[in-house]
Structures are given as C-alpha cells and as structure tokens.
Amino acid sequence: MSKKAFVLRIDDDAYAALEKWAADEFRSVNGQIEMLLDKALKDSGRKKEMNLKNQTKQKKLQ
C-alpha cells in the first residue's frame with residue numbers, strides 16, 4: 001500500500017488532544033490520525049473493509 005504525504009493544518013488544542021490520545025494508545029500522532037480517518041471512512045460506508053482472503057490475494061499481487 002502506498003501512502004500520500006500532505007500538509008495538515010490543525011489548531012494547537014486539537015493537536016495536543018490528539019497527541020495525548022495517541023500516546024494513550026501507543027501510536028504516533030500520524031498513526032492516530034490514520035486510524036481515525038480509516039474508521040470514519042469505514043463507518044460511513046465510503047471504504048470497504050477487506051476480508052482476510054482479499055488481503056492475502058492483494059499481497060500476492062504486489
């Protein structure tokens with residue numbers, strides 16, 4: 001899976017809250033944001049969850 005880098009502007013209070021939350025879950029702030037975005041996309045039906053069989057198939061193709 002490739003990842004795209006981009007700039008995110010966020011206010012200091014929101015960043016501090018994310019930083020604390022990430023530390024509580026042993027993640028980086030970047031990892032926490034990725035997890036939150038992924039969950040929001042799945043919950044809204046905008047991103048399909050791949051089942052284990054499709055994940056294995058995709059890895060073999062790479």
# chains A, B, ... in the order shown; residues from 1 in each chain; ligands from 1
>>> residues_around(residues="region 13-18 of chain A", least_positions_apart="3", cutoff="9 Å", atoms="only C-alpha atoms", output="mmCIF file with C-alpha atoms, in the first residue's frame")
data_model
loop_
_atom_site.group_PDB
_atom_site.id
_atom_site.type_symbol
_atom_site.label_atom_id
_atom_site.label_comp_id
_atom_site.auth_asym_id
_atom_site.auth_seq_id
_atom_site.Cartn_x
_atom_site.Cartn_y
_atom_site.Cartn_z
ATOM 1 C CA ILE A 10 -4.658 21.874 12.927
ATOM 2 C CA TRP A 21 -4.840 10.184 22.757
ATOM 3 C CA ALA A 22 -2.145 8.701 20.515
ATOM 4 C CA ALA A 23 0.231 8.260 23.446
ATOM 5 C CA VAL A 29 0.023 11.269 16.103
ATOM 6 C CA GLN A 32 -3.716 8.023 15.310
ATOM 7 C CA ILE A 33 -4.985 10.317 12.553
#
>>> closest_residue(among="A:Glu19, A:Leu41, A:Glu34, A:Arg46", to="Lys4 (chain A)", atoms="only C-alpha atoms")
A:Glu34
